[in-house]
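Dumped protein.pdb below, it's PDB, C-alpha atoms:
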ATOM      1  CA  MET A 643     -23.534  10.481  -0.098  1.00  0.00           C
ATOM      2  CA  LYS A 644     -20.497  11.591  -2.137  1.00  0.00           C
ATOM      3  CA  ASN A 645     -19.843  14.381   0.350  1.00  0.00           C
ATOM      4  CA  ARG A 646     -20.015  12.014   3.321  1.00  0.00           C
ATOM      5  CA  LEU A 647     -17.661   9.553   1.618  1.00  0.00           C
ATOM      6  CA  ALA A 648     -15.184  12.303   0.681  1.00  0.00           C
ATOM      7  CA  PHE A 649     -15.327  13.688   4.224  1.00  0.00           C
ATOM      8  CA  ALA A 650     -14.724  10.254   5.763  1.00  0.00           C
ATOM      9  CA  LEU A 651     -11.805   9.495   3.450  1.00  0.00           C
ATOM     10  CA  ILE A 652     -10.084  12.863   3.952  1.00  0.00           C
ATOM     11  CA  MET A 653     -10.784  13.204   7.672  1.00  0.00           C
ATOM     12  CA  GLY A 654      -9.771   9.588   8.226  1.00  0.00           C
ATOM     13  CA  LEU A 655      -6.514  10.183   6.373  1.00  0.00           C
ATOM     14  CA  ILE A 656      -5.639  13.274   8.398  1.00  0.00           C
ATOM     15  CA  THR A 657      -6.631  11.998  11.834  1.00  0.00           C
ATOM     16  CA  THR A 658      -5.223   8.498  11.532  1.00  0.00           C
ATOM     17  CA  THR A 659      -1.948   9.761  10.078  1.00  0.00           C
ATOM     18  CA  LEU A 660      -1.409  12.207  12.927  1.00  0.00           C
ATOM     19  CA  ILE A 661      -2.590  10.000  15.762  1.00  0.00           C
ATOM     20  CA  SER A 662      -0.841   6.816  14.647  1.00  0.00           C
ATOM     21  CA  PHE A 663       2.414   8.672  13.946  1.00  0.00           C
ATOM     22  CA  VAL A 664       2.495  10.325  17.360  1.00  0.00           C
ATOM     23  CA  LEU A 665       1.451   7.223  19.301  1.00  0.00           C
ATOM     24  CA  ILE A 666       3.936   4.950  17.544  1.00  0.00           C
ATOM     25  CA  ALA A 667       6.701   7.548  18.050  1.00  0.00           C
ATOM     26  CA  VAL A 668       5.868   7.840  21.760  1.00  0.00           C
ATOM     27  CA  ASN A 669       5.456   4.121  22.418  1.00  0.00           C
ATOM     28  CA  VAL A 670       8.087   2.614  20.128  1.00  0.00           C
ATOM     29  CA  GLY A 671      10.380   5.533  19.393  1.00  0.00           C
ATOM     30  CA  ILE A 672      11.830   6.549  16.069  1.00  0.00           C
ATOM     31  CA  ASN A 673      14.068   3.643  15.082  1.00  0.00           C
ATOM     32  CA  SER A 674      14.914   1.614  11.993  1.00  0.00           C
ATOM     33  CA  ASN A 675      11.547  -0.212  12.137  1.00  0.00           C
ATOM     34  CA  PHE A 676       9.487   2.926  12.725  1.00  0.00           C
ATOM     35  CA  LEU A 677       8.121   3.398   9.199  1.00  0.00           C
ATOM     36  CA  ARG A 678       7.158  -0.268   8.829  1.00  0.00           C
ATOM     37  CA  ILE A 679       5.425  -0.340  12.210  1.00  0.00           C
ATOM     38  CA  TRP A 680       3.764   3.021  11.625  1.00  0.00           C
ATOM     39  CA  PHE A 681       2.501   2.142   8.138  1.00  0.00           C
ATOM     40  CA  ARG A 682       1.010  -1.146   9.316  1.00  0.00           C
ATOM     41  CA  SER A 683      -0.691   0.593  12.231  1.00  0.00           C
ATOM     42  CA  TRP A 684      -1.876   3.438  10.011  1.00  0.00           C
ATOM     43  CA  CYS A 685      -3.437   1.104   7.422  1.00  0.00           C
ATOM     44  CA  LEU A 686      -5.488  -0.667  10.057  1.00  0.00           C
ATOM     45  CA  SER A 687      -6.527   2.528  11.815  1.00  0.00           C
ATOM     46  CA  TYR A 688      -7.539   4.153   8.503  1.00  0.00           C
ATOM     47  CA  ILE A 689      -9.886   1.290   7.639  1.00  0.00           C
ATOM     48  CA  ILE A 690     -11.446   1.410  11.113  1.00  0.00           C
ATOM     49  CA  ALA A 691     -11.797   5.210  11.098  1.00  0.00           C
ATOM     50  CA  VAL A 692     -13.464   5.369   7.677  1.00  0.00           C
ATOM     51  CA  PHE A 693     -15.840   2.558   8.646  1.00  0.00           C
ATOM     52  CA  ALA A 694     -16.702   4.375  11.878  1.00  0.00           C
ATOM     53  CA  MET A 695     -17.338   7.661  10.085  1.00  0.00           C
ATOM     54  CA  LEU A 696     -19.547   6.052   7.458  1.00  0.00           C
ATOM     55  CA  VAL A 697     -21.466   3.552   9.600  1.00  0.00           C
ATOM     56  CA  ILE A 698     -21.290   4.593  13.241  1.00  0.00           C
ATOM     57  CA  ALA A 699     -21.198   8.398  12.960  1.00  0.00           C
ATOM     58  CA  PRO A 700     -24.724   8.752  11.480  1.00  0.00           C
ATOM     59  CA  LYS A 701     -26.141   6.719  14.368  1.00  0.00           C
ATOM     60  CA  VAL A 702     -24.262   8.846  16.898  1.00  0.00           C
ATOM     61  CA  GLN A 703     -25.503  12.009  15.136  1.00  0.00           C
ATOM     62  CA  SER A 704     -29.093  10.757  15.392  1.00  0.00           C
ATOM     63  CA  LEU A 705     -28.624  10.032  19.086  1.00  0.00           C
ATOM     64  CA  VAL A 706     -27.171  13.498  19.718  1.00  0.00           C
ATOM     65  CA  ASN A 707     -29.984  15.141  17.751  1.00  0.00           C
ATOM     66  CA  SER A 708     -32.536  13.179  19.767  1.00  0.00           C
ATOM     67  CA  LEU A 709     -30.933  14.089  23.095  1.00  0.00           C
ATOM     68  CA  PHE A 710     -30.746  17.781  22.264  1.00  0.00           C
ATOM     69  CA  SER A 711     -34.273  17.739  20.866  1.00  0.00           C
ATOM     70  CA  LYS A 712     -35.556  16.404  24.186  1.00  0.00           C
ATOM     71  CA  PHE A 713     -33.414  18.911  26.083  1.00  0.00           C
ATOM     72  CA  ARG A 714     -34.860  21.852  24.104  1.00  0.00           C
ATOM     73  CA  LYS A 715     -38.415  20.602  24.647  1.00  0.00           C
ATOM     74  CA  SER A 716     -37.926  20.289  28.419  1.00  0.00           C
ATOM     75  CA  ALA A 717     -36.309  23.749  28.611  1.00  0.00           C
ATOM     76  CA  ASN A 718     -39.398  25.407  27.094  1.00  0.00           C
TER      77      ASN A 718
END

What's the structure tokens form of this structure?
Amino acid sequence: MKNRLAFALIMGLITTTLISFVLIAVNVGINSNFLRIWFRSWCLSYIIAVFAMLVIAPKVQSLVNSLFSKFRKSAN
């Protein structure tokens, strides 16, 4: 569980920082309010991303494993 938590925190930090920075820069532009707008957006996206990686990702992984398990069985 520690590994999954560390992964979610680090991956969430990297992905949300990059994505929110680029999207705010593209949509709002770099101006005097940029850092305030970006930080607010980043905080919200970080919380959502970590939640998704901890709660939703295991369910998605189970679904993918199930789909590929059925695919391998039908291929044999």

Residues near Phe676 of chain A, cut-off 8 Å, all atoms listed in the file, skip fewer than 4 positions along chain, as a VMD selection string:
chain A and resid 666 to 667 670 to 672 680

For segment 674-684 of chain A, what centre and edge lengths in Å (one decimal) does the axis-aligned box get once 5 Å is added on each side of all its listed atoms, as JSON?
{"center_x": 6.5, "center_y": 1.1, "center_z": 10.4, "size_x": 26.8, "size_y": 14.6, "size_z": 14.6}

For a test of reading the model, state the distance in Å between atom CA of Gln703 of chain A and atom CA of Thr657 of chain A, rounded to one decimal.
19.2 Å

Looking at A:Ser683, A:Asn707, A:Lys644, A:Arg714, which one is nearest to Val664 of chain A, with distances taken over only C-alpha atoms?
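Looking only at the distances to Val664 of chain A, the closest residue turns out to be A:Ser683.
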
Resolved residues for the PyMOL selection byres ((chain A and resi 688) around 12) as a tab-separated table (two decimals) with C-alpha atoms, keeping the file's coordinate frame:
chain	number	residue	atom	x	y	z
A	650	ALA	CA	-14.72	10.25	5.76
A	651	LEU	CA	-11.80	9.49	3.45
A	652	ILE	CA	-10.08	12.86	3.95
A	653	MET	CA	-10.78	13.20	7.67
A	654	GLY	CA	-9.77	9.59	8.23
A	655	LEU	CA	-6.51	10.18	6.37
A	656	ILE	CA	-5.64	13.27	8.40
A	657	THR	CA	-6.63	12.00	11.83
A	658	THR	CA	-5.22	8.50	11.53
A	659	THR	CA	-1.95	9.76	10.08
A	660	LEU	CA	-1.41	12.21	12.93
A	661	ILE	CA	-2.59	10.00	15.76
A	662	SER	CA	-0.84	6.82	14.65
A	680	TRP	CA	3.76	3.02	11.62
A	681	PHE	CA	2.50	2.14	8.14
A	682	ARG	CA	1.01	-1.15	9.32
A	683	SER	CA	-0.69	0.59	12.23
A	684	TRP	CA	-1.88	3.44	10.01
A	685	CYS	CA	-3.44	1.10	7.42
A	686	LEU	CA	-5.49	-0.67	10.06
A	687	SER	CA	-6.53	2.53	11.82
A	689	ILE	CA	-9.89	1.29	7.64
A	690	ILE	CA	-11.45	1.41	11.11
A	691	ALA	CA	-11.80	5.21	11.10
A	692	VAL	CA	-13.46	5.37	7.68
A	693	PHE	CA	-15.84	2.56	8.65
A	694	ALA	CA	-16.70	4.38	11.88
A	695	MET	CA	-17.34	7.66	10.09

Have a look at A:Leu709, A:Leu677, A:Ala648, A:Ala717 and name the one nearest to Leu696 of chain A; count all atoms listed in the file.
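Closest candidate: A:Ala648.
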
For segment 706-717 of chain A, where the input has fewer atoms than it should, I would like all heavy atoms rebuilt and written as a PDB file, keeping the file's coordinate frame.
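The resulting file, rebuild.pdb, is shown below:
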ATOM      1  N   VAL A 706     -27.426  12.140  19.225  1.00  0.00           N
ATOM      2  CA  VAL A 706     -27.171  13.498  19.718  1.00  0.00           C
ATOM      3  C   VAL A 706     -28.340  14.416  19.368  1.00  0.00           C
ATOM      4  O   VAL A 706     -28.800  15.197  20.216  1.00  0.00           O
ATOM      5  CB  VAL A 706     -25.839  14.044  19.150  1.00  0.00           C
ATOM      6  CG1 VAL A 706     -25.683  15.523  19.426  1.00  0.00           C
ATOM      7  CG2 VAL A 706     -24.666  13.261  19.718  1.00  0.00           C
ATOM      8  N   ASN A 707     -28.830  14.319  18.138  1.00  0.00           N
ATOM      9  CA  ASN A 707     -29.984  15.141  17.751  1.00  0.00           C
ATOM     10  C   ASN A 707     -31.184  14.843  18.631  1.00  0.00           C
ATOM     11  O   ASN A 707     -31.901  15.753  19.053  1.00  0.00           O
ATOM     12  CB  ASN A 707     -30.337  14.903  16.283  1.00  0.00           C
ATOM     13  CG  ASN A 707     -29.300  15.453  15.340  1.00  0.00           C
ATOM     14  OD1 ASN A 707     -28.467  16.285  15.716  1.00  0.00           O
ATOM     15  ND2 ASN A 707     -29.319  14.979  14.112  1.00  0.00           N
ATOM     16  N   SER A 708     -31.417  13.576  18.921  1.00  0.00           N
ATOM     17  CA  SER A 708     -32.536  13.179  19.767  1.00  0.00           C
ATOM     18  C   SER A 708     -32.372  13.721  21.182  1.00  0.00           C
ATOM     19  O   SER A 708     -33.319  14.251  21.767  1.00  0.00           O
ATOM     20  CB  SER A 708     -32.643  11.660  19.796  1.00  0.00           C
ATOM     21  OG  SER A 708     -33.612  11.242  20.701  1.00  0.00           O
ATOM     22  N   LEU A 709     -31.176  13.594  21.736  1.00  0.00           N
ATOM     23  CA  LEU A 709     -30.933  14.089  23.095  1.00  0.00           C
ATOM     24  C   LEU A 709     -31.130  15.595  23.183  1.00  0.00           C
ATOM     25  O   LEU A 709     -31.756  16.091  24.119  1.00  0.00           O
ATOM     26  CB  LEU A 709     -29.519  13.721  23.549  1.00  0.00           C
ATOM     27  CG  LEU A 709     -29.253  12.241  23.783  1.00  0.00           C
ATOM     28  CD1 LEU A 709     -27.770  12.001  24.026  1.00  0.00           C
ATOM     29  CD2 LEU A 709     -30.091  11.727  24.943  1.00  0.00           C
ATOM     30  N   PHE A 710     -30.609  16.327  22.219  1.00  0.00           N
ATOM     31  CA  PHE A 710     -30.746  17.781  22.264  1.00  0.00           C
ATOM     32  C   PHE A 710     -32.161  18.222  21.947  1.00  0.00           C
ATOM     33  O   PHE A 710     -32.614  19.245  22.440  1.00  0.00           O
ATOM     34  CB  PHE A 710     -29.728  18.455  21.343  1.00  0.00           C
ATOM     35  CG  PHE A 710     -28.388  18.605  21.992  1.00  0.00           C
ATOM     36  CD1 PHE A 710     -27.431  17.609  21.865  1.00  0.00           C
ATOM     37  CD2 PHE A 710     -28.105  19.707  22.774  1.00  0.00           C
ATOM     38  CE1 PHE A 710     -26.204  17.731  22.482  1.00  0.00           C
ATOM     39  CE2 PHE A 710     -26.876  19.837  23.395  1.00  0.00           C
ATOM     40  CZ  PHE A 710     -25.924  18.848  23.252  1.00  0.00           C
ATOM     41  N   SER A 711     -32.879  17.443  21.144  1.00  0.00           N
ATOM     42  CA  SER A 711     -34.273  17.739  20.866  1.00  0.00           C
ATOM     43  C   SER A 711     -35.093  17.633  22.145  1.00  0.00           C
ATOM     44  O   SER A 711     -35.905  18.504  22.452  1.00  0.00           O
ATOM     45  CB  SER A 711     -34.800  16.776  19.812  1.00  0.00           C
ATOM     46  OG  SER A 711     -36.185  16.875  19.703  1.00  0.00           O
ATOM     47  N   LYS A 712     -34.864  16.582  22.913  1.00  0.00           N
ATOM     48  CA  LYS A 712     -35.556  16.404  24.186  1.00  0.00           C
ATOM     49  C   LYS A 712     -35.163  17.484  25.180  1.00  0.00           C
ATOM     50  O   LYS A 712     -35.986  17.974  25.940  1.00  0.00           O
ATOM     51  CB  LYS A 712     -35.258  15.016  24.764  1.00  0.00           C
ATOM     52  CG  LYS A 712     -35.869  13.901  23.965  1.00  0.00           C
ATOM     53  CD  LYS A 712     -35.477  12.549  24.502  1.00  0.00           C
ATOM     54  CE  LYS A 712     -36.010  11.466  23.596  1.00  0.00           C
ATOM     55  NZ  LYS A 712     -35.569  10.131  24.016  1.00  0.00           N
ATOM     56  N   PHE A 713     -33.891  17.874  25.173  1.00  0.00           N
ATOM     57  CA  PHE A 713     -33.414  18.911  26.083  1.00  0.00           C
ATOM     58  C   PHE A 713     -34.082  20.247  25.776  1.00  0.00           C
ATOM     59  O   PHE A 713     -34.521  20.954  26.670  1.00  0.00           O
ATOM     60  CB  PHE A 713     -31.886  19.045  25.971  1.00  0.00           C
ATOM     61  CG  PHE A 713     -31.313  20.128  26.822  1.00  0.00           C
ATOM     62  CD1 PHE A 713     -31.228  19.985  28.198  1.00  0.00           C
ATOM     63  CD2 PHE A 713     -30.858  21.306  26.233  1.00  0.00           C
ATOM     64  CE1 PHE A 713     -30.695  20.991  28.990  1.00  0.00           C
ATOM     65  CE2 PHE A 713     -30.335  22.311  27.030  1.00  0.00           C
ATOM     66  CZ  PHE A 713     -30.248  22.155  28.390  1.00  0.00           C
ATOM     67  N   ARG A 714     -34.213  20.582  24.488  1.00  0.00           N
ATOM     68  CA  ARG A 714     -34.860  21.852  24.104  1.00  0.00           C
ATOM     69  C   ARG A 714     -36.332  21.838  24.485  1.00  0.00           C
ATOM     70  O   ARG A 714     -36.867  22.846  24.901  1.00  0.00           O
ATOM     71  CB  ARG A 714     -34.701  22.077  22.603  1.00  0.00           C
ATOM     72  CG  ARG A 714     -33.400  22.755  22.270  1.00  0.00           C
ATOM     73  CD  ARG A 714     -33.310  23.087  20.798  1.00  0.00           C
ATOM     74  NE  ARG A 714     -32.099  22.387  20.366  1.00  0.00           N
ATOM     75  CZ  ARG A 714     -31.988  21.655  19.291  1.00  0.00           C
ATOM     76  NH1 ARG A 714     -32.988  21.524  18.474  1.00  0.00           N
ATOM     77  NH2 ARG A 714     -30.875  21.059  18.996  1.00  0.00           N
ATOM     78  N   LYS A 715     -36.993  20.688  24.307  1.00  0.00           N
ATOM     79  CA  LYS A 715     -38.415  20.602  24.647  1.00  0.00           C
ATOM     80  C   LYS A 715     -38.631  20.763  26.141  1.00  0.00           C
ATOM     81  O   LYS A 715     -39.567  21.429  26.575  1.00  0.00           O
ATOM     82  CB  LYS A 715     -38.990  19.268  24.177  1.00  0.00           C
ATOM     83  CG  LYS A 715     -39.154  19.174  22.690  1.00  0.00           C
ATOM     84  CD  LYS A 715     -39.682  17.814  22.290  1.00  0.00           C
ATOM     85  CE  LYS A 715     -39.717  17.689  20.783  1.00  0.00           C
ATOM     86  NZ  LYS A 715     -40.127  16.341  20.357  1.00  0.00           N
ATOM     87  N   SER A 716     -37.755  20.185  26.968  1.00  0.00           N
ATOM     88  CA  SER A 716     -37.926  20.289  28.419  1.00  0.00           C
ATOM     89  C   SER A 716     -37.542  21.673  28.931  1.00  0.00           C
ATOM     90  O   SER A 716     -37.991  22.086  29.982  1.00  0.00           O
ATOM     91  CB  SER A 716     -37.119  19.216  29.138  1.00  0.00           C
ATOM     92  OG  SER A 716     -35.737  19.435  28.964  1.00  0.00           O
ATOM     93  N   ALA A 717     -36.719  22.400  28.194  1.00  0.00           N
ATOM     94  CA  ALA A 717     -36.309  23.749  28.611  1.00  0.00           C
ATOM     95  C   ALA A 717     -37.412  24.767  28.360  1.00  0.00           C
ATOM     96  O   ALA A 717     -37.458  25.814  28.984  1.00  0.00           O
ATOM     97  CB  ALA A 717     -35.023  24.167  27.883  1.00  0.00           C
TER      98      ALA A 717
END
